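File shown here: protein_36.cif, holding mmCIF, C-alpha atoms.
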data_data
#
loop_
_atom_site.group_PDB
_atom_site.id
_atom_site.type_symbol
_atom_site.label_atom_id
_atom_site.label_comp_id
_atom_site.auth_asym_id
_atom_site.auth_seq_id
_atom_site.Cartn_x
_atom_site.Cartn_y
_atom_site.Cartn_z
ATOM 1 C CA MET A 1 0.000 0.000 0.000
ATOM 2 C CA ALA A 2 1.399 3.428 -0.848
ATOM 3 C CA SER A 3 0.189 5.185 2.307
ATOM 4 C CA SER A 4 2.446 5.618 5.292
ATOM 5 C CA ASN A 5 1.734 3.691 8.409
ATOM 6 C CA TYR A 6 1.736 6.410 11.046
ATOM 7 C CA TYR A 7 0.481 9.956 11.266
ATOM 8 C CA PHE A 8 1.476 12.236 14.095
ATOM 9 C CA VAL A 9 -0.025 15.643 14.832
ATOM 10 C CA ILE A 10 0.374 18.207 17.595
ATOM 11 C CA VAL A 11 -2.806 20.178 18.252
ATOM 12 C CA GLY A 12 -2.695 23.551 20.021
ATOM 13 C CA HIS A 13 -5.072 25.138 22.500
ATOM 14 C CA ALA A 14 -7.307 26.616 19.831
ATOM 15 C CA ASP A 15 -7.590 23.245 18.068
ATOM 16 C CA GLN A 16 -5.202 24.380 15.373
ATOM 17 C CA VAL A 17 -2.498 22.158 13.928
ATOM 18 C CA VAL A 18 0.856 23.102 15.399
ATOM 19 C CA TYR A 19 2.826 20.322 13.775
ATOM 20 C CA GLU A 20 2.017 17.281 11.648
ATOM 21 C CA VAL A 21 4.109 14.579 10.057
ATOM 22 C CA GLU A 22 3.622 11.285 8.285
ATOM 23 C CA LEU A 23 6.067 8.589 9.185
ATOM 24 C CA GLY A 24 6.889 5.938 6.659
ATOM 25 C CA GLY A 25 6.271 2.304 7.377
ATOM 26 C CA SER A 26 8.207 -0.794 6.614
ATOM 27 C CA THR A 27 7.759 -0.394 2.861
ATOM 28 C CA GLY A 28 10.372 2.371 2.993
ATOM 29 C CA GLN A 29 8.282 4.781 0.967
ATOM 30 C CA THR A 30 9.803 8.242 0.936
ATOM 31 C CA VAL A 31 6.871 9.983 -0.752
ATOM 32 C CA PRO A 32 3.691 9.660 1.294
ATOM 33 C CA ALA A 33 0.450 9.560 -0.665
ATOM 34 C CA SER A 34 -1.362 12.859 -0.270
ATOM 35 C CA ASP A 35 -4.847 11.464 -0.747
ATOM 36 C CA ASN A 36 -4.618 9.814 2.637
ATOM 37 C CA ARG A 37 -3.550 13.022 4.325
ATOM 38 C CA HIS A 38 -7.063 14.427 4.267
ATOM 39 C CA LEU A 39 -8.400 11.262 5.772
ATOM 40 C CA ASN A 40 -5.755 11.383 8.490
ATOM 41 C CA GLN A 41 -6.583 14.960 9.346
ATOM 42 C CA PHE A 42 -10.271 14.131 9.430
ATOM 43 C CA ILE A 43 -9.717 11.202 11.778
ATOM 44 C CA ALA A 44 -7.489 13.332 14.006
ATOM 45 C CA HIS A 45 -10.081 16.091 14.284
ATOM 46 C CA ALA A 46 -12.840 13.634 15.025
ATOM 47 C CA ALA A 47 -10.734 12.142 17.788
ATOM 48 C CA LEU A 48 -10.113 15.566 19.368
ATOM 49 C CA ASP A 49 -13.547 15.630 21.004
ATOM 50 C CA LEU A 50 -12.880 12.313 22.673
ATOM 51 C CA VAL A 51 -9.456 13.452 23.787
ATOM 52 C CA ASP A 52 -10.998 16.560 25.305
ATOM 53 C CA GLU A 53 -13.479 14.460 27.249
ATOM 54 C CA ALA A 54 -10.806 12.090 28.430
ATOM 55 C CA MET A 55 -8.286 14.727 29.393
ATOM 56 C CA TRP A 56 -10.614 16.318 31.906
ATOM 57 C CA ARG A 57 -11.419 12.977 33.530
ATOM 58 C CA ASN A 58 -7.994 11.454 33.588
ATOM 59 C CA THR A 59 -4.903 12.833 35.229
ATOM 60 C CA THR A 60 -2.529 10.609 33.280
ATOM 61 C CA THR A 61 -0.689 12.204 30.412
ATOM 62 C CA TYR A 62 -0.681 9.199 28.107
ATOM 63 C CA LEU A 63 -4.133 8.083 26.967
ATOM 64 C CA LYS A 64 -3.691 4.792 25.227
ATOM 65 C CA GLN A 65 -6.490 4.416 22.760
ATOM 66 C CA VAL A 66 -9.095 7.108 22.465
ATOM 67 C CA ASP A 67 -10.734 6.296 19.154
ATOM 68 C CA LYS A 68 -10.902 3.742 16.399
ATOM 69 C CA PHE A 69 -11.870 4.559 12.830
ATOM 70 C CA ASN A 70 -12.184 1.566 10.502
ATOM 71 C CA GLU A 71 -8.698 0.171 10.870
ATOM 72 C CA TRP A 72 -7.011 3.335 12.189
ATOM 73 C CA THR A 73 -6.455 3.648 15.928
ATOM 74 C CA VAL A 74 -5.810 6.966 17.662
ATOM 75 C CA SER A 75 -3.607 7.339 20.704
ATOM 76 C CA ALA A 76 -3.195 10.590 22.566
ATOM 77 C CA TYR A 77 -0.690 12.232 24.863
ATOM 78 C CA VAL A 78 -1.771 15.335 26.772
ATOM 79 C CA THR A 79 0.950 17.625 28.036
ATOM 80 C CA ALA A 80 0.930 19.604 31.271
ATOM 81 C CA GLY A 81 0.562 22.706 29.172
ATOM 82 C CA GLY A 82 -2.693 21.442 27.707
ATOM 83 C CA LEU A 83 -1.280 20.587 24.315
ATOM 84 C CA ARG A 84 -2.483 17.409 22.614
ATOM 85 C CA PHE A 85 -0.295 14.992 20.695
ATOM 86 C CA LEU A 86 -2.294 12.629 18.500
ATOM 87 C CA PHE A 87 -0.863 9.524 16.943
ATOM 88 C CA LEU A 88 -2.740 7.544 14.287
ATOM 89 C CA TYR A 89 -1.733 4.030 13.359
ATOM 90 C CA GLU A 90 -3.190 1.012 11.608
ATOM 91 C CA HIS A 91 -1.109 -1.609 13.316
ATOM 92 C CA LEU A 92 0.834 -1.215 16.504
ATOM 93 C CA PRO A 93 4.448 -0.286 15.788
ATOM 94 C CA ARG A 94 7.088 -2.971 15.919
ATOM 95 C CA THR A 95 8.109 -1.905 19.410
ATOM 96 C CA GLY A 96 4.560 -2.024 20.711
ATOM 97 C CA GLU A 97 2.793 0.279 23.180
ATOM 98 C CA ASP A 98 5.989 1.002 25.073
ATOM 99 C CA GLY A 99 7.741 2.132 21.939
ATOM 100 C CA LEU A 100 4.826 4.450 21.186
ATOM 101 C CA LYS A 101 4.889 5.848 24.702
ATOM 102 C CA ASN A 102 8.638 6.432 24.442
ATOM 103 C CA PHE A 103 8.183 8.140 21.115
ATOM 104 C CA LEU A 104 5.582 10.518 22.539
ATOM 105 C CA THR A 105 7.652 11.261 25.622
ATOM 106 C CA GLU A 106 10.744 12.031 23.585
ATOM 107 C CA VAL A 107 8.843 14.260 21.191
ATOM 108 C CA TYR A 108 7.462 16.036 24.260
ATOM 109 C CA GLU A 109 11.009 16.628 25.467
ATOM 110 C CA THR A 110 12.003 18.017 22.098
ATOM 111 C CA TYR A 111 8.910 20.187 22.091
ATOM 112 C CA VAL A 112 9.717 21.647 25.501
ATOM 113 C CA LYS A 113 13.204 22.484 24.310
ATOM 114 C CA LEU A 114 11.653 24.300 21.366
ATOM 115 C CA LEU A 115 9.195 26.018 23.701
ATOM 116 C CA LEU A 116 12.025 27.420 25.812
ATOM 117 C CA ASN A 117 13.167 29.411 22.797
ATOM 118 C CA PRO A 118 11.962 32.958 23.521
ATOM 119 C CA PHE A 119 11.392 33.538 19.828
ATOM 120 C CA TYR A 120 8.881 30.758 19.576
ATOM 121 C CA VAL A 121 5.318 31.843 20.282
ATOM 122 C CA PRO A 122 3.342 28.981 21.838
ATOM 123 C CA ASP A 123 0.528 27.603 19.654
ATOM 124 C CA LYS A 124 2.093 28.884 16.446
ATOM 125 C CA PRO A 125 2.833 26.252 13.747
ATOM 126 C CA ILE A 126 6.268 24.724 14.051
ATOM 127 C CA ARG A 127 8.310 25.318 10.927
ATOM 128 C CA SER A 128 11.751 24.425 12.219
ATOM 129 C CA GLY A 129 13.692 21.994 10.052
ATOM 130 C CA ALA A 130 15.718 20.923 13.052
ATOM 131 C CA PHE A 131 12.580 19.941 14.957
ATOM 132 C CA ASP A 132 11.431 17.951 11.954
ATOM 133 C CA LYS A 133 14.709 16.079 11.748
ATOM 134 C CA LYS A 134 14.653 15.389 15.461
ATOM 135 C CA VAL A 135 11.154 13.908 15.236
ATOM 136 C CA GLN A 136 12.206 11.695 12.326
ATOM 137 C CA THR A 137 15.218 10.458 14.302
ATOM 138 C CA ILE A 138 13.094 9.695 17.344
ATOM 139 C CA ALA A 139 10.580 7.904 15.136
ATOM 140 C CA ARG A 140 13.313 5.774 13.602
ATOM 141 C CA LYS A 141 14.609 4.946 17.049
ATOM 142 C CA CYS A 142 11.318 4.200 18.765
ATOM 143 C CA ILE A 143 8.803 2.958 16.288
ATOM 144 C CA LEU A 144 10.151 2.179 12.878
ATOM 145 C CA MET B 1 5.640 43.228 34.080
ATOM 146 C CA ALA B 2 2.845 40.691 34.206
ATOM 147 C CA ASP B 3 3.378 39.978 30.522
ATOM 148 C CA PHE B 4 6.948 38.977 31.187
ATOM 149 C CA GLY B 5 5.699 36.686 33.889
ATOM 150 C CA LYS B 6 3.155 35.098 31.577
ATOM 151 C CA HIS B 7 5.896 34.447 29.058
ATOM 152 C CA VAL B 8 7.792 32.533 31.717
ATOM 153 C CA GLY B 9 4.725 30.836 33.146
ATOM 154 C CA VAL B 10 3.638 29.045 29.987
ATOM 155 C CA ARG B 11 7.054 27.535 29.525
ATOM 156 C CA ILE B 12 7.937 26.699 33.072
ATOM 157 C CA LEU B 13 5.054 24.303 33.650
ATOM 158 C CA ASP B 14 6.113 21.906 30.895
ATOM 159 C CA LEU B 15 9.721 22.259 31.949
ATOM 160 C CA PHE B 16 8.843 21.387 35.519
ATOM 161 C CA PHE B 17 6.948 18.275 34.439
ATOM 162 C CA LEU B 18 9.803 17.197 32.247
ATOM 163 C CA ARG B 19 12.523 17.731 34.820
ATOM 164 C CA ASN B 20 10.686 16.093 37.672
ATOM 165 C CA GLY B 21 9.399 13.212 35.596
ATOM 166 C CA LYS B 22 5.816 13.833 36.623
ATOM 167 C CA ASP B 23 3.175 12.290 34.458
ATOM 168 C CA LYS B 24 0.011 13.017 36.360
ATOM 169 C CA ARG B 25 -1.657 16.248 35.340
ATOM 170 C CA GLU B 26 -4.006 18.212 37.550
ATOM 171 C CA VAL B 27 -7.481 18.464 36.113
ATOM 172 C CA ARG B 28 -9.499 19.852 38.991
ATOM 173 C CA LEU B 29 -9.283 23.393 40.295
ATOM 174 C CA THR B 30 -8.506 22.904 43.978
ATOM 175 C CA PRO B 31 -5.765 20.300 43.491
ATOM 176 C CA MET B 32 -4.261 22.556 40.840
ATOM 177 C CA LEU B 33 -4.158 25.549 43.192
ATOM 178 C CA VAL B 34 -2.721 23.433 45.979
ATOM 179 C CA PHE B 35 -0.122 22.153 43.535
ATOM 180 C CA ILE B 36 0.834 25.721 42.654
ATOM 181 C CA GLN B 37 0.922 26.787 46.253
ATOM 182 C CA LYS B 38 3.040 23.907 47.521
ATOM 183 C CA THR B 39 5.038 22.093 44.893
ATOM 184 C CA PHE B 40 5.465 24.879 42.425
ATOM 185 C CA TRP B 41 6.289 27.577 44.936
ATOM 186 C CA LYS B 42 8.898 25.252 46.384
ATOM 187 C CA PHE B 43 10.292 24.719 42.909
ATOM 188 C CA LEU B 44 10.528 28.462 42.298
ATOM 189 C CA PHE B 45 11.351 29.913 45.691
ATOM 190 C CA ASN B 46 12.339 26.936 47.839
ATOM 191 C CA ARG B 47 9.415 27.733 50.140
ATOM 192 C CA GLU B 48 5.706 27.075 50.088
ATOM 193 C CA ALA B 49 3.281 29.964 49.803
ATOM 194 C CA ASP B 50 1.714 30.689 53.136
ATOM 195 C CA HIS B 51 -2.028 30.697 52.522
ATOM 196 C CA LEU B 52 -4.542 29.695 49.917
ATOM 197 C CA GLU B 53 -8.031 31.058 50.392
ATOM 198 C CA GLN B 54 -11.265 31.393 48.506
ATOM 199 C CA HIS B 55 -13.335 34.547 48.454
ATOM 200 C CA ALA B 56 -16.337 34.333 50.751
ATOM 201 C CA GLN B 57 -18.984 35.482 48.293
ATOM 202 C CA GLU B 58 -17.511 34.948 44.838
ATOM 203 C CA ALA B 59 -16.559 31.339 44.283
ATOM 204 C CA LYS B 60 -14.348 32.153 41.354
ATOM 205 C CA ILE B 61 -11.863 34.353 43.203
ATOM 206 C CA TYR B 62 -9.001 32.761 45.073
ATOM 207 C CA TYR B 63 -6.153 34.275 47.018
ATOM 208 C CA ILE B 64 -2.600 33.056 47.468
ATOM 209 C CA ILE B 65 -0.883 34.956 50.236
ATOM 210 C CA GLU B 66 2.761 35.041 51.052
ATOM 211 C CA ARG B 67 4.473 36.962 53.799
ATOM 212 C CA GLU B 68 7.608 37.900 52.004
ATOM 213 C CA CYS B 69 7.841 37.912 48.245
ATOM 214 C CA LEU B 70 11.326 37.156 46.971
ATOM 215 C CA VAL B 71 10.996 39.530 44.050
ATOM 216 C CA ASN B 72 10.015 42.461 46.262
ATOM 217 C CA LYS B 73 12.623 41.881 48.898
ATOM 218 C CA PHE B 74 15.234 44.328 47.720
ATOM 219 C CA ILE B 75 13.089 46.735 45.711
ATOM 220 C CA SER B 76 12.267 50.155 47.084
ATOM 221 C CA VAL B 77 9.470 51.935 45.233
ATOM 222 C CA PRO B 78 10.021 55.678 44.586
ATOM 223 C CA LYS B 79 7.047 57.898 45.304
ATOM 224 C CA ASP B 80 6.325 58.841 41.711
ATOM 225 C CA LYS B 81 5.897 55.214 40.723
ATOM 226 C CA GLY B 82 3.616 54.390 43.591
ATOM 227 C CA THR B 83 1.613 51.728 41.795
ATOM 228 C CA LEU B 84 4.585 49.629 40.753
ATOM 229 C CA ASN B 85 4.655 46.236 42.363
ATOM 230 C CA CYS B 86 7.258 43.766 41.214
ATOM 231 C CA ALA B 87 5.182 40.916 42.502
ATOM 232 C CA SER B 88 3.205 41.349 39.271
ATOM 233 C CA PHE B 89 5.986 39.368 37.653
ATOM 234 C CA VAL B 90 5.159 36.406 39.866
ATOM 235 C CA ALA B 91 1.466 37.035 39.247
ATOM 236 C CA GLY B 92 2.195 36.756 35.535
ATOM 237 C CA ILE B 93 3.953 33.429 36.072
ATOM 238 C CA VAL B 94 0.949 32.046 37.935
ATOM 239 C CA GLU B 95 -1.398 33.314 35.240
ATOM 240 C CA GLY B 96 0.748 31.702 32.557
ATOM 241 C CA ILE B 97 0.688 28.350 34.339
ATOM 242 C CA LEU B 98 -3.055 28.363 34.926
ATOM 243 C CA CYS B 99 -4.026 29.588 31.475
ATOM 244 C CA THR B 100 -1.853 27.128 29.641
ATOM 245 C CA SER B 101 -3.183 24.152 31.585
ATOM 246 C CA GLY B 102 -6.739 25.091 30.770
ATOM 247 C CA PHE B 103 -7.817 27.204 33.744
ATOM 248 C CA THR B 104 -8.297 30.590 32.118
ATOM 249 C CA CYS B 105 -7.914 33.362 34.650
ATOM 250 C CA LYS B 106 -6.492 36.773 35.494
ATOM 251 C CA VAL B 107 -4.010 37.179 38.334
ATOM 252 C CA HIS B 108 -3.210 40.433 40.115
ATOM 253 C CA ALA B 109 -0.673 41.135 42.832
ATOM 254 C CA LEU B 110 -1.562 43.308 45.764
ATOM 255 C CA GLN B 111 0.464 44.458 48.702
ATOM 256 C CA GLY B 112 -1.479 43.971 51.908
ATOM 257 C CA PRO B 113 -0.898 43.896 55.672
ATOM 258 C CA ARG B 114 -0.490 40.135 55.608
ATOM 259 C CA GLY B 115 2.092 40.298 52.895
ATOM 260 C CA THR B 116 1.813 39.926 49.148
ATOM 261 C CA THR B 117 -1.556 38.701 47.937
ATOM 262 C CA TYR B 118 -2.162 37.213 44.506
ATOM 263 C CA VAL B 119 -5.780 37.556 43.492
ATOM 264 C CA ILE B 120 -6.769 34.846 41.021
ATOM 265 C CA ASP B 121 -9.960 35.501 39.117
ATOM 266 C CA PHE B 122 -11.152 32.480 37.127
ATOM 267 C CA ALA B 123 -13.213 32.714 33.966
ATOM 268 C CA GLN B 124 -16.809 31.532 34.084
ATOM 269 C CA SER B 125 -16.029 28.664 31.698
ATOM 270 C CA VAL B 126 -13.647 27.189 34.261
ATOM 271 C CA MET B 127 -16.254 27.303 37.034
ATOM 272 C CA ASP B 128 -18.838 25.768 34.684
ATOM 273 C CA ARG B 129 -16.503 22.935 33.830
ATOM 274 C CA GLU B 130 -15.737 22.366 37.504
ATOM 275 C CA SER B 131 -19.416 22.087 38.407
ATOM 276 C CA ARG B 132 -19.970 19.787 35.441
ATOM 277 C CA LEU B 133 -17.164 17.514 36.579
ATOM 278 C CA ASP B 134 -18.432 17.699 40.156
ATOM 279 C CA ALA B 135 -21.850 16.544 39.097
ATOM 280 C CA LYS B 136 -20.566 13.476 37.279
#

structure tokens encoding of this file:
Amino acid sequence: MASSNYYFVIVGHADQVVYEVELGGSTGQTVPASDNRHLNQFIAHAALDLVDEAMWRNTTTYLKQVDKFNEWTVSAYVTAGGLRFLFLYEHLPRTGEDGLKNFLTEVYETYVKLLLNPFYVPDKPIRSGAFDKKVQTIARKCIL
Amino acid sequence: MADFGKHVGVRILDLFFLRNGKDKREVRLTPMLVFIQKTFWKFLFNREADHLEQHAQEAKIYYIIERECLVNKFISVPKDKGTLNCASFVAGIVEGILCTSGFTCKVHALQGPRGTTYVIDFAQSVMDRESRLDAK
């Protein structure tokens, strides 16, 4: 299948997309199919309501599985600062739930480092190439 | 001054969670305020804030009172700038923390006989959410 296996998005306080990335699966595709991107965004937005419900009930930061859409599962990670990290996948990554949790935690660390930059306004879209590369490296380490 | 504080506040919460390896967020109002008063104050000033009170009539106003504010310790205010209070910086930090974790509010610093008072005024949406969660 030409589509990538995982889709990761960071959603800000006003429900806007702060950062999104598609991570290639085992097929080693470097060009992700763009027709699936709309579907991914749609699934992510639909899952946001459920994440909102869950985040006010639960004090844990990592919410394992909030939604399921056909064969796509959505996992969420809510940060202390109220930011939501959504991760869509069809099949659990090779490293399993723990690998996913590690991935989200490490991206959170990278995000906080970015946040400490006084020139970065919170909730604005992240355009940094360095951040992108970091996320790809973490993905390769934890889930691919 | 409060704007500077807010700038710090939004960042410091995530940093604190990261450095201390905490992974349990606060979702309810009172635990959040207690967290700010005890844990956070200790993290910032190595001391806990002295009092946390709620306004008698208005449920959405809370007070955090501290006898001696670190920021104000060595500042003397000249007469022509009588309304300047450097504790507004700390008020901004508190506002940043609360707003970014979903408890929209306004925080003001006042100098009173008991020490420095931070008046926290929560938005109606926060109180509505609290009562909704209480009812469940």

Margin query: Residues near Phe16 in chain B, anyone? I mean within 9 Å using only C-alpha atoms, not counting same-chain ones fewer than 5 positions away, as a PyMOL selection string.
Written below: chain B and resi 11+21-22+40+43

Checklist line | Residues matched by the PyMOL selection byres ((chain A) within 6 of (chain B)) as a ChimeraX atom specification | finding: /A:56,59-61,80-82

Checklist line | Shell around Leu48 in chain A at 9 Å using only C-alpha atoms, local window under 3 positions removed, as a list of chain:residue names | finding: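 In the requested format, the answer is A:Val11, A:Asp15, A:Ile43, A:Ala44, A:His45, A:Val51, A:Asp52, A:Glu53, A:Arg84, A:Leu86.
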
Note to self: Using only C-alpha atoms, which protein or nucleic acid residues come within 9 Å of Lys101 in chain A? Drop anything in the same chain fewer than 3 positions from it, and give the result as a ChimeraX atom specification.
What the structure shows: /A:62,64,77,96-98,104-106,142

Notebook entry, point to check: Between CA of Tyr19 in chain A and CA of Phe69 in chain A, what is the spacing in Å?
Noted result: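 So the two atoms, CA of Phe69 in chain A and CA of Tyr19 in chain A, lie 21.6 Å apart.
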
Notebook entry, point to check: Please, which residues are within 12 Å of (-3.7, 45.2, 48.1) by the file's coordinates, counting all atoms listed in the file, and could they come as a VMD selection string?
Noted result: chain B and resid 63 65 83 to 85 87 to 88 108 to 119
